[in-house]
Amino acid sequence: MFRTALRNVLAHKARLLMTALAVLLGVAFVSGTLVFTSTVSDAFQHSSQKGFDDVDVAVEPDRAPGPADKPGTADRLSQDLLDKAAAVPGAARATGDVTGFAAVAGKDGKLLGNGFSSQGRNYYPGKDGQDSRYPMRDGLAPRKAGEIALDAKTADRAGFHVGDTVRLSVDGPVRKEKLTGIFTTDDGNAAAGGSLTLFDTATAQKLYAAPGQFDQIYVKAAPGTSQAQLKDRIDAILPAHTARTTTGKELADDQAKMIADSMSSMKTGMLVFAGIALFVGIFLIANTFTMLVAQRTKELALLRAVGASRRQVTRSVLIEAFLVGTVAAVAGLAAGVGIGAALRSLMGATGESMPDGPLVVSPGTVLVSLVVGIFVTMLAAWLPGRRAAKIPPVAAMNSVHATATTKSLVLRNTIGTLVAAAGAALVVVATGMGESGKAPMGGGAALLLIGVFILTPLLSRPLIAAAAPVLRAFGISGKLARQNAVRNPRRTATTASALMIGLTLITGLTVIAGSVQKGIDKMATDSLKADYVVSMVNHGPLSPDVAAELADDPKVTASSPLRDAPVRIDGDFASLTGVNGKAIGELTQLDFEEGSLAGFGGGKAVVDSDTAKEHGWHTGSTFTTTYEDGERGRLTVAGVYEGTDVIRGIMLDMATLAPHQNAATDRQVLVKTAGGPSEATQDALARTLGNNPAVAVQDKQDVSDGIAQQINLMLNVLYGLLAMAVIVAVLGVVNTLAMSVFERSQEIGMLRAIGLDRRGIKRMVRLESLVISLFGGVLGIGLGVFFGWAGGKLVADSLGTYEMVLPWGRMGLFLAMAALVGVLAALWPARRAARLNMLAAIKAE
């Protein structure tokens, strides 16, 4: 049986090519994902571990406040504690570290690198005058205010040299610093495309902490002292409940775990789409083996007649699948390694650089790729093989098995209806379950897809019949195309289902994305009357100086910072937002459920409805707060408003909040200008702030577009990933048509003999392909809209302004894409059918 299976594989190389290609693409996606994520993870982990080479013990702030304690951030570490740590027996040296945000502008004035990973730190020289963490490549380390050093990658990217003046910002105002040095570093943020700026310790403390304070203390052990021993000795000198220690190994392990976790979500997402492509490939493989088995029915019957058992026949088909799957999996693994290398290079080409490191192809990647490729192929081939083995030899010889019985069709349609109905019901029920409805909705969607797939042969007849009026315009070719499409509804259904799955996902994602964008636009329009929102590019703390500069600008008619402050309310941590009580009414448009801004100011605050509901507050309710400085205050609820993602929380007048703040920073500044928003006004405000690369001046449309850009980027990535499934579906259409042409060789020869020319034959095959593809497209778009509606119900729970939008233009484009798939897929089969020799075709069995 093995020799028989091998002979069959070699005899049908061309027909099995599409199957092998589908498996190859799926395996390549899987292995490419594993290679890429393993390579990136390994590179960052190695870089991170090198960064902790000089750290044996780290000391960090650790304060667990009690109910009576004042809220706020933990106390930082003092110079006195640093000196004590350096004097501990077994300590070679101790380094104080201060870290914060530092946005560097290039020579063109634009932000360098990724704003979220643009950092500033202190240069802490040891006894030798050097900081071993940052060896200088050029120039000298910063030693006083007004001097900085830049990491080599940032300096080279921007074309900076020692002696240049560099514009940067840490919290809003622009600073001009002299570049005194360029250093090399293993810092992961700098390696990942960010930037690292070094200040002298006194300047860094002034910018990010307070004089004489550090965020962390790193201690290097002397030879002969273990990390555990050094940790125990440092623990003995730490003040109670103010600091904690961690060994360098624990830090490196935690960092490695964090990197692995961050890569895990990307790996999972990409593997999901690889799974979708492989799932779609199952339809293609099953179709291929079904048709190959059908063509060899008499051969298999003869094997049964001469003594082969059912198990041997099934095993023969599975051996064929094993051979095809093995070849495809090996080729897919090789292609996947290339994909992983290409993705790493692509990151560098797009500016998202990463640490240097080898391409990682782990034994697990090889094993998973081979197992997935072989298993998927054999799984898809098992049912056709089992079905063939069950056919009695005499019936197979006479082709009695060819037509499905009425009983089997009724059973299939009944099961399909029940499964689809159960899936649809579960999805509808899940829409009212809020956050907990995600899992039920996923299960319901899977059931509905399976049910529709089972029902597709039944659905194919009426839907394809609906295209009859259009097909009549193409004469006899159109009529024959319609009849051929419904002649074998199971095959048509399997082919269309592969395309249906891809378009279902694409349409559903598009509906949700478009609806979310509409909700965001509405939110920005409804809750804000301000012309502009000013914030840091990394959404970090903004200096109060920015609000002061804007308030002094003659073009500004009203402005208010949104200043967050930690407090305790009823013993629990909470946050207050300080605003300009006189101007906030001109800058926001709040929908009040109770009260209003009329009584706002002094000891009166307004709260969003969620917070009010949580505490049981109404207009007139009072509550006690404990501020950052430990003082207690009494506030009265002046109004309850409907919160949005832009404006929410407890708002009170800045004059009430400011006296209790230790170091005031703003989250945003709302600005209203004379004459309303315009490009000229926006540019003028940017100039007022010194054309600061770290500060964004955005109108309402910019705020909306910024969120839309993230959504569109995510959507485009998902389109790219789903394109793999669509490509596999195209291969399925090509494969089905090619097999169909082979099976109908005699019929095509007869059509040619009675007068249908080659052009008519080509048109017939193309129209058949078009009808099948449009059938899958209509089903996919219909299901996608339903899933988009259902998913939107869950999104609406967290986005109050969510409003479902049907993207008619894109849906039309998707349907046109399905039609294009049909046309392209038919090119080779149609040409092959038209070139058949009519006499040879008529004589074919």
# chains A, B, ... in the order shown; residues from 1 in each chain; ligands from 1

$ residues_around --residues "segment 439-447 of chain A" --least-positions-apart "3" --cutoff "8 Å" --atoms "only C-alpha atoms" --output "list in words"
Val419, Ala420, Ala422, Gly423, Ala424, Ala425, Leu426, Val427, Val428, Ala430, Thr431, Ser436, Ile450, Gly451 and Phe787 of chain A

$ write_last_selection --atoms "all heavy atoms" --output "mmCIF file, in the first residue's frame"
data_model
loop_
_atom_site.group_PDB
_atom_site.id
_atom_site.type_symbol
_atom_site.label_atom_id
_atom_site.label_comp_id
_atom_site.auth_asym_id
_atom_site.auth_seq_id
_atom_site.Cartn_x
_atom_site.Cartn_y
_atom_site.Cartn_z
ATOM 1 N N VAL A 419 -27.007 23.857 14.213
ATOM 2 C CA VAL A 419 -25.730 24.444 14.650
ATOM 3 C C VAL A 419 -25.704 25.948 14.385
ATOM 4 O O VAL A 419 -25.291 26.742 15.245
ATOM 5 C CB VAL A 419 -24.548 23.752 13.941
ATOM 6 C CG1 VAL A 419 -23.237 24.473 14.248
ATOM 7 C CG2 VAL A 419 -24.441 22.290 14.363
ATOM 8 N N ALA A 420 -26.144 26.372 13.188
ATOM 9 C CA ALA A 420 -26.156 27.801 12.847
ATOM 10 C C ALA A 420 -27.098 28.572 13.762
ATOM 11 O O ALA A 420 -26.766 29.677 14.233
ATOM 12 C CB ALA A 420 -26.552 27.985 11.389
ATOM 13 N N ALA A 422 -28.038 27.748 16.821
ATOM 14 C CA ALA A 422 -27.443 27.807 18.159
ATOM 15 C C ALA A 422 -26.343 28.861 18.220
ATOM 16 O O ALA A 422 -26.236 29.634 19.189
ATOM 17 C CB ALA A 422 -26.886 26.437 18.540
ATOM 18 N N GLY A 423 -25.487 28.920 17.173
ATOM 19 C CA GLY A 423 -24.418 29.911 17.135
ATOM 20 C C GLY A 423 -24.955 31.330 17.096
ATOM 21 O O GLY A 423 -24.488 32.210 17.833
ATOM 22 N N ALA A 424 -25.955 31.579 16.238
ATOM 23 C CA ALA A 424 -26.537 32.923 16.131
ATOM 24 C C ALA A 424 -27.185 33.340 17.453
ATOM 25 O O ALA A 424 -27.041 34.486 17.898
ATOM 26 C CB ALA A 424 -27.561 32.956 15.000
ATOM 27 N N ALA A 425 -27.902 32.400 18.099
ATOM 28 C CA ALA A 425 -28.548 32.707 19.377
ATOM 29 C C ALA A 425 -27.519 33.046 20.444
ATOM 30 O O ALA A 425 -27.691 34.000 21.224
ATOM 31 C CB ALA A 425 -29.402 31.519 19.823
ATOM 32 N N LEU A 426 -26.418 32.287 20.484
ATOM 33 C CA LEU A 426 -25.371 32.535 21.475
ATOM 34 C C LEU A 426 -24.714 33.890 21.254
ATOM 35 O O LEU A 426 -24.422 34.618 22.215
ATOM 36 C CB LEU A 426 -24.329 31.415 21.411
ATOM 37 C CG LEU A 426 -23.259 31.392 22.511
ATOM 38 C CD1 LEU A 426 -23.910 31.352 23.886
ATOM 39 C CD2 LEU A 426 -22.342 30.183 22.326
ATOM 40 N N VAL A 427 -24.505 34.257 19.996
ATOM 41 C CA VAL A 427 -23.920 35.570 19.687
ATOM 42 C C VAL A 427 -24.848 36.684 20.142
ATOM 43 O O VAL A 427 -24.419 37.667 20.760
ATOM 44 C CB VAL A 427 -23.626 35.690 18.179
ATOM 45 C CG1 VAL A 427 -23.290 37.132 17.818
ATOM 46 C CG2 VAL A 427 -22.477 34.785 17.770
ATOM 47 N N VAL A 428 -26.135 36.557 19.858
ATOM 48 C CA VAL A 428 -27.109 37.592 20.241
ATOM 49 C C VAL A 428 -27.185 37.727 21.756
ATOM 50 O O VAL A 428 -27.205 38.840 22.300
ATOM 51 C CB VAL A 428 -28.501 37.271 19.646
ATOM 52 C CG1 VAL A 428 -29.555 38.229 20.198
ATOM 53 C CG2 VAL A 428 -28.474 37.348 18.130
ATOM 54 N N ALA A 430 -24.843 36.999 23.876
ATOM 55 C CA ALA A 430 -23.567 37.542 24.361
ATOM 56 C C ALA A 430 -23.494 39.064 24.229
ATOM 57 O O ALA A 430 -22.762 39.716 24.972
ATOM 58 C CB ALA A 430 -22.399 36.900 23.616
ATOM 59 N N THR A 431 -24.245 39.648 23.283
ATOM 60 C CA THR A 431 -24.205 41.108 23.100
ATOM 61 C C THR A 431 -24.709 41.857 24.327
ATOM 62 O O THR A 431 -24.377 43.020 24.517
ATOM 63 C CB THR A 431 -25.046 41.532 21.881
ATOM 64 O OG1 THR A 431 -26.408 41.099 22.068
ATOM 65 C CG2 THR A 431 -24.501 40.934 20.598
ATOM 66 N N SER A 436 -18.080 40.226 30.016
ATOM 67 C CA SER A 436 -18.092 38.770 30.171
ATOM 68 C C SER A 436 -18.632 38.053 28.943
ATOM 69 O O SER A 436 -18.638 36.821 28.894
ATOM 70 C CB SER A 436 -18.937 38.378 31.387
ATOM 71 O OG SER A 436 -20.275 38.823 31.236
ATOM 72 N N ILE A 450 -19.479 27.335 11.421
ATOM 73 C CA ILE A 450 -19.547 25.905 11.115
ATOM 74 C C ILE A 450 -20.922 25.557 10.557
ATOM 75 O O ILE A 450 -21.050 24.801 9.575
ATOM 76 C CB ILE A 450 -19.250 25.078 12.386
ATOM 77 C CG1 ILE A 450 -17.782 25.264 12.797
ATOM 78 C CG2 ILE A 450 -19.542 23.593 12.155
ATOM 79 C CD1 ILE A 450 -17.447 24.692 14.160
ATOM 80 N N GLY A 451 -21.976 26.116 11.170
ATOM 81 C CA GLY A 451 -23.327 25.843 10.691
ATOM 82 C C GLY A 451 -23.547 26.318 9.275
ATOM 83 O O GLY A 451 -24.143 25.609 8.448
ATOM 84 N N PHE A 787 -21.367 39.841 12.488
ATOM 85 C CA PHE A 787 -20.365 39.785 13.550
ATOM 86 C C PHE A 787 -19.885 41.191 13.929
ATOM 87 O O PHE A 787 -19.561 41.452 15.097
ATOM 88 C CB PHE A 787 -19.177 38.929 13.118
ATOM 89 C CG PHE A 787 -19.488 37.454 13.030
ATOM 90 C CD1 PHE A 787 -18.934 36.668 12.022
ATOM 91 C CD2 PHE A 787 -20.342 36.858 13.930
ATOM 92 C CE1 PHE A 787 -19.222 35.315 11.938
ATOM 93 C CE2 PHE A 787 -20.633 35.504 13.855
ATOM 94 C CZ PHE A 787 -20.081 34.733 12.852
#

$ residues_around --residues "segment 577-588 of chain A" --least-positions-apart "2" --cutoff "7 Å" --atoms "only C-alpha atoms" --output "VMD selection string"
chain A and resid 527 to 530 558 to 565 575 590 597 600 to 601 650 to 654 657 670 672

$ residues_around --residues "His618 of chain A" --least-positions-apart "2" --cutoff "12 Å" --atoms "only C-alpha atoms" --output "VMD selection string"
chain A and resid 592 to 596 605 to 616 620 to 623 636 to 641

$ closest_residue --among "A:Pro554, A:Gly434, A:Pro142, A:Gly822" --to "Gly792 of chain A" --atoms "only C-alpha atoms"
A:Gly434

$ closest_residue --among "A:Ile761, A:Leu383, A:Ala658, A:Val516" --to "Lys479 of chain A" --atoms "only C-alpha atoms"
A:Ile761

$ closest_residue --among "A:Ala729, A:Leu168, A:Leu318, A:Val533" --to "Phe375 of chain A" --atoms "only C-alpha atoms"
A:Leu318

$ closest_residue --among "A:Arg835, A:Arg758, A:Arg634, A:Arg76" --to "Ile569 of chain A" --atoms "only C-alpha atoms"
A:Arg634

$ residues_around --residues "Ala381 of chain A" --least-positions-apart "3" --cutoff "8 Å" --atoms "only C-alpha atoms" --output "ChimeraX atom specification"
/A:285-286,289-290,317-318,321,377-378,384-385

$ atom_distance --atom1 "atom CA of Glu320 of chain A" --atom2 "atom CA of Gly364 of chain A"
25.6 Å

$ closest_residue --among "A:Ala694, A:Ala684, A:Val429, A:Met500" --to "Asp171 of chain A" --atoms "only C-alpha atoms"
A:Ala694

$ residues_around --residues "segment 145-160 of chain A" --least-positions-apart "4" --cutoff "8 Å" --atoms "only C-alpha atoms" --output "mmCIF file with N, CA, C and O atoms, in the first residue's frame"
data_model
loop_
_atom_site.group_PDB
_atom_site.id
_atom_site.type_symbol
_atom_site.label_atom_id
_atom_site.label_comp_id
_atom_site.auth_asym_id
_atom_site.auth_seq_id
_atom_site.Cartn_x
_atom_site.Cartn_y
_atom_site.Cartn_z
ATOM 1 N N GLY A 106 15.733 66.600 16.171
ATOM 2 C CA GLY A 106 16.776 66.527 15.164
ATOM 3 C C GLY A 106 17.083 67.897 14.606
ATOM 4 O O GLY A 106 16.493 68.912 15.009
ATOM 5 N N LYS A 107 17.987 67.935 13.652
ATOM 6 C CA LYS A 107 18.353 69.224 13.065
ATOM 7 C C LYS A 107 17.207 69.837 12.266
ATOM 8 O O LYS A 107 17.197 71.045 12.017
ATOM 9 N N LEU A 112 13.204 62.904 17.464
ATOM 10 C CA LEU A 112 14.045 61.776 17.076
ATOM 11 C C LEU A 112 13.554 60.507 17.758
ATOM 12 O O LEU A 112 13.315 60.498 18.964
ATOM 13 N N GLY A 113 13.441 59.447 17.001
ATOM 14 C CA GLY A 113 13.093 58.158 17.576
ATOM 15 C C GLY A 113 11.652 58.080 18.029
ATOM 16 O O GLY A 113 10.809 58.917 17.708
ATOM 17 N N ARG A 137 32.247 57.206 23.469
ATOM 18 C CA ARG A 137 32.895 56.956 22.181
ATOM 19 C C ARG A 137 33.606 58.206 21.691
ATOM 20 O O ARG A 137 34.730 58.144 21.177
ATOM 21 N N LEU A 140 33.430 64.039 26.023
ATOM 22 C CA LEU A 140 33.451 63.868 27.472
ATOM 23 C C LEU A 140 32.029 63.769 28.015
ATOM 24 O O LEU A 140 31.070 64.230 27.397
ATOM 25 N N ALA A 141 31.923 63.221 29.212
ATOM 26 C CA ALA A 141 30.611 63.115 29.861
ATOM 27 C C ALA A 141 30.155 64.492 30.341
ATOM 28 O O ALA A 141 30.984 65.384 30.589
ATOM 29 N N ASP A 164 27.950 70.359 19.130
ATOM 30 C CA ASP A 164 26.684 70.868 18.587
ATOM 31 C C ASP A 164 25.743 71.287 19.720
ATOM 32 O O ASP A 164 25.828 70.803 20.859
ATOM 33 N N LYS A 176 18.028 74.195 25.412
ATOM 34 C CA LYS A 176 19.123 74.136 24.456
ATOM 35 C C LYS A 176 20.393 73.755 25.219
ATOM 36 O O LYS A 176 20.824 74.489 26.115
ATOM 37 N N GLU A 177 20.929 72.572 24.869
ATOM 38 C CA GLU A 177 22.065 72.024 25.604
ATOM 39 C C GLU A 177 23.248 71.790 24.669
ATOM 40 O O GLU A 177 23.060 71.526 23.475
ATOM 41 N N LYS A 178 24.448 71.861 25.235
ATOM 42 C CA LYS A 178 25.656 71.599 24.468
ATOM 43 C C LYS A 178 25.979 70.112 24.524
ATOM 44 O O LYS A 178 26.002 69.508 25.596
ATOM 45 N N LEU A 179 26.213 69.504 23.349
ATOM 46 C CA LEU A 179 26.558 68.089 23.280
ATOM 47 C C LEU A 179 28.049 67.936 23.538
ATOM 48 O O LEU A 179 28.883 68.329 22.719
ATOM 49 N N THR A 180 28.377 67.347 24.715
ATOM 50 C CA THR A 180 29.786 67.203 25.077
ATOM 51 C C THR A 180 30.327 65.798 24.833
ATOM 52 O O THR A 180 31.540 65.594 24.819
ATOM 53 N N GLY A 181 29.415 64.810 24.660
ATOM 54 C CA GLY A 181 29.888 63.432 24.485
ATOM 55 C C GLY A 181 28.874 62.549 23.770
ATOM 56 O O GLY A 181 27.667 62.812 23.779
ATOM 57 N N ILE A 182 29.394 61.513 23.141
ATOM 58 C CA ILE A 182 28.570 60.493 22.474
ATOM 59 C C ILE A 182 29.023 59.144 23.014
ATOM 60 O O ILE A 182 30.223 58.834 22.986
ATOM 61 N N PHE A 183 28.077 58.353 23.537
ATOM 62 C CA PHE A 183 28.436 57.119 24.232
ATOM 63 C C PHE A 183 27.755 55.905 23.593
ATOM 64 O O PHE A 183 26.785 56.029 22.845
ATOM 65 N N THR A 184 28.293 54.739 23.889
ATOM 66 C CA THR A 184 27.674 53.482 23.464
ATOM 67 C C THR A 184 26.938 52.881 24.653
ATOM 68 O O THR A 184 27.297 53.110 25.812
ATOM 69 N N THR A 185 25.891 52.114 24.373
ATOM 70 C CA THR A 185 25.077 51.553 25.450
ATOM 71 C C THR A 185 24.346 50.307 24.984
ATOM 72 O O THR A 185 24.073 50.150 23.786
ATOM 73 N N ALA A 190 17.124 52.455 23.782
ATOM 74 C CA ALA A 190 17.930 53.067 22.725
ATOM 75 C C ALA A 190 18.094 52.107 21.557
ATOM 76 O O ALA A 190 18.041 52.499 20.387
ATOM 77 N N ALA A 191 18.277 50.811 21.868
ATOM 78 C CA ALA A 191 18.430 49.821 20.807
ATOM 79 C C ALA A 191 17.147 49.633 20.016
ATOM 80 O O ALA A 191 17.173 49.252 18.850
ATOM 81 N N GLY A 194 14.533 54.256 20.319
ATOM 82 C CA GLY A 194 14.333 55.451 21.118
ATOM 83 C C GLY A 194 15.620 56.248 21.208
ATOM 84 O O GLY A 194 16.514 56.119 20.371
ATOM 85 N N SER A 195 15.703 57.064 22.233
ATOM 86 C CA SER A 195 16.936 57.839 22.432
ATOM 87 C C SER A 195 17.238 57.880 23.917
ATOM 88 O O SER A 195 16.348 57.742 24.756
ATOM 89 N N LEU A 196 18.518 58.049 24.249
ATOM 90 C CA LEU A 196 18.947 58.143 25.634
ATOM 91 C C LEU A 196 19.845 59.362 25.778
ATOM 92 O O LEU A 196 20.867 59.470 25.090
ATOM 93 N N THR A 197 19.433 60.280 26.650
ATOM 94 C CA THR A 197 20.169 61.513 26.894
ATOM 95 C C THR A 197 20.696 61.493 28.317
ATOM 96 O O THR A 197 19.953 61.185 29.258
ATOM 97 N N LEU A 198 21.974 61.802 28.492
ATOM 98 C CA LEU A 198 22.583 61.834 29.827
ATOM 99 C C LEU A 198 22.816 63.271 30.272
ATOM 100 O O LEU A 198 23.284 64.121 29.499
ATOM 101 N N PHE A 199 22.453 63.536 31.546
ATOM 102 C CA PHE A 199 22.732 64.809 32.204
ATOM 103 C C PHE A 199 23.692 64.537 33.362
ATOM 104 O O PHE A 199 23.844 63.395 33.815
ATOM 105 N N ASP A 200 24.309 65.584 33.881
ATOM 106 C CA ASP A 200 25.052 65.390 35.130
ATOM 107 C C ASP A 200 24.041 65.097 36.231
ATOM 108 O O ASP A 200 22.849 65.424 36.118
ATOM 109 N N ALA A 202 23.324 66.243 39.237
ATOM 110 C CA ALA A 202 22.582 67.348 39.865
ATOM 111 C C ALA A 202 21.465 67.851 38.947
ATOM 112 O O ALA A 202 20.338 68.117 39.395
ATOM 113 N N THR A 203 21.759 67.972 37.655
ATOM 114 C CA THR A 203 20.742 68.437 36.704
ATOM 115 C C THR A 203 19.625 67.407 36.560
ATOM 116 O O THR A 203 18.441 67.762 36.536
#

$ residues_around --residues "segment 233-245 of chain A" --least-positions-apart "4" --cutoff "7 Å" --atoms "only C-alpha atoms" --output "tab-separated table (two decimals) with all heavy atoms, in the first residue's frame"
chain	number	residue	atom	x	y	z
A	57	VAL	N	23.02	44.04	43.03
A	57	VAL	CA	21.85	44.30	43.88
A	57	VAL	C	21.30	45.68	43.52
A	57	VAL	O	22.06	46.64	43.37
A	57	VAL	CB	22.20	44.26	45.38
A	57	VAL	CG1	20.98	44.65	46.24
A	57	VAL	CG2	22.69	42.88	45.79
A	58	ALA	N	19.98	45.75	43.36
A	58	ALA	CA	19.31	47.03	43.09
A	58	ALA	C	18.44	47.39	44.28
A	58	ALA	O	17.74	46.55	44.84
A	58	ALA	CB	18.45	46.93	41.83
A	59	VAL	N	18.48	48.67	44.68
A	59	VAL	CA	17.65	49.17	45.77
A	59	VAL	C	16.61	50.10	45.16
A	59	VAL	O	16.95	51.02	44.39
A	59	VAL	CB	18.49	49.94	46.81
A	59	VAL	CG1	17.62	50.37	47.99
A	59	VAL	CG2	19.66	49.09	47.28
A	60	GLU	N	15.33	49.85	45.49
A	60	GLU	CA	14.23	50.63	44.93
A	60	GLU	C	13.32	51.11	46.04
A	60	GLU	O	13.21	50.47	47.09
A	60	GLU	CB	13.42	49.79	43.94
A	60	GLU	CG	14.24	49.25	42.78
A	60	GLU	CD	13.43	48.27	41.94
A	60	GLU	OE1	12.81	47.36	42.52
A	60	GLU	OE2	13.42	48.41	40.71
A	61	PRO	N	12.61	52.25	45.82
A	61	PRO	CA	11.65	52.71	46.83
A	61	PRO	C	10.54	51.68	47.03
A	61	PRO	O	10.11	51.03	46.09
A	61	PRO	CB	11.09	54.00	46.22
A	61	PRO	CG	12.10	54.43	45.21
A	61	PRO	CD	12.71	53.17	44.68
A	62	ASP	N	10.10	51.53	48.26
A	62	ASP	CA	9.03	50.58	48.55
A	62	ASP	C	8.28	51.07	49.77
A	62	ASP	O	8.69	50.82	50.90
A	62	ASP	CB	9.59	49.18	48.78
A	62	ASP	CG	8.49	48.17	49.08
A	62	ASP	OD1	7.39	48.33	48.55
A	62	ASP	OD2	8.76	47.24	49.86
A	63	ARG	N	7.19	51.78	49.57
A	63	ARG	CA	6.39	52.27	50.69
A	63	ARG	C	4.95	51.83	50.48
A	63	ARG	O	4.34	52.11	49.46
A	63	ARG	CB	6.45	53.79	50.76
A	63	ARG	CG	5.62	54.36	51.91
A	63	ARG	CD	5.96	55.83	52.14
A	63	ARG	NE	5.66	56.64	50.98
A	63	ARG	CZ	4.45	57.18	50.75
A	63	ARG	NH1	3.46	56.95	51.57
A	63	ARG	NH2	4.25	57.93	49.68
A	85	ALA	N	25.07	52.27	51.30
A	85	ALA	CA	25.13	51.07	50.45
A	85	ALA	C	26.54	50.88	49.89
A	85	ALA	O	27.04	49.75	49.79
A	85	ALA	CB	24.12	51.17	49.32
A	88	VAL	N	28.85	49.21	52.51
A	88	VAL	CA	28.53	47.88	53.00
A	88	VAL	C	29.68	46.93	52.67
A	88	VAL	O	30.23	46.97	51.56
A	88	VAL	CB	27.21	47.37	52.36
A	88	VAL	CG1	27.06	45.87	52.54
A	88	VAL	CG2	26.03	48.09	52.99
A	229	GLN	N	24.55	37.30	49.35
A	229	GLN	CA	25.23	37.84	50.53
A	229	GLN	C	25.14	39.36	50.57
A	229	GLN	O	24.85	39.96	51.61
A	229	GLN	CB	26.70	37.40	50.55
A	229	GLN	CG	26.91	35.92	50.81
A	229	GLN	CD	28.36	35.50	50.64
A	229	GLN	OE1	29.11	36.09	49.85
A	229	GLN	NE2	28.77	34.45	51.36

$ residues_around --residues "Thr665 of chain A" --least-positions-apart "6" --cutoff "6 Å" --atoms "only C-alpha atoms" --output "ChimeraX atom specification"
/A:541-544

$ write_last_selection --atoms "C-alpha atoms" --output "PDB file, in the first residue's frame"
ATOM      1  CA  PRO A 541       3.401  64.993  32.645  1.00  0.00           C
ATOM      2  CA  LEU A 542       3.321  68.497  31.189  1.00  0.00           C
ATOM      3  CA  SER A 543       5.016  71.418  32.908  1.00  0.00           C
ATOM      4  CA  PRO A 544       2.653  74.118  34.317  1.00  0.00           C
TER       5      PRO A 544
END

$ closest_residue --among "A:Leu783, A:Ala723, A:Val35, A:Val410" --to "Arg344 of chain A" --atoms "only C-alpha atoms"
A:Val35

$ select_by_dssp --residues "segment 644-777 of chain A" --states "alpha helix (DSSP H)" --output "ChimeraX atom specification"
/A:654-657,679-688,700-743,745-753,758-777

$ atom_distance --atom1 "atom CA of Val534 of chain A" --atom2 "atom CA of Val669 of chain A"
5.0 Å

$ atom_distance --atom1 "atom CA of Ala753 of chain A" --atom2 "atom CA of Met838 of chain A"
6.6 Å
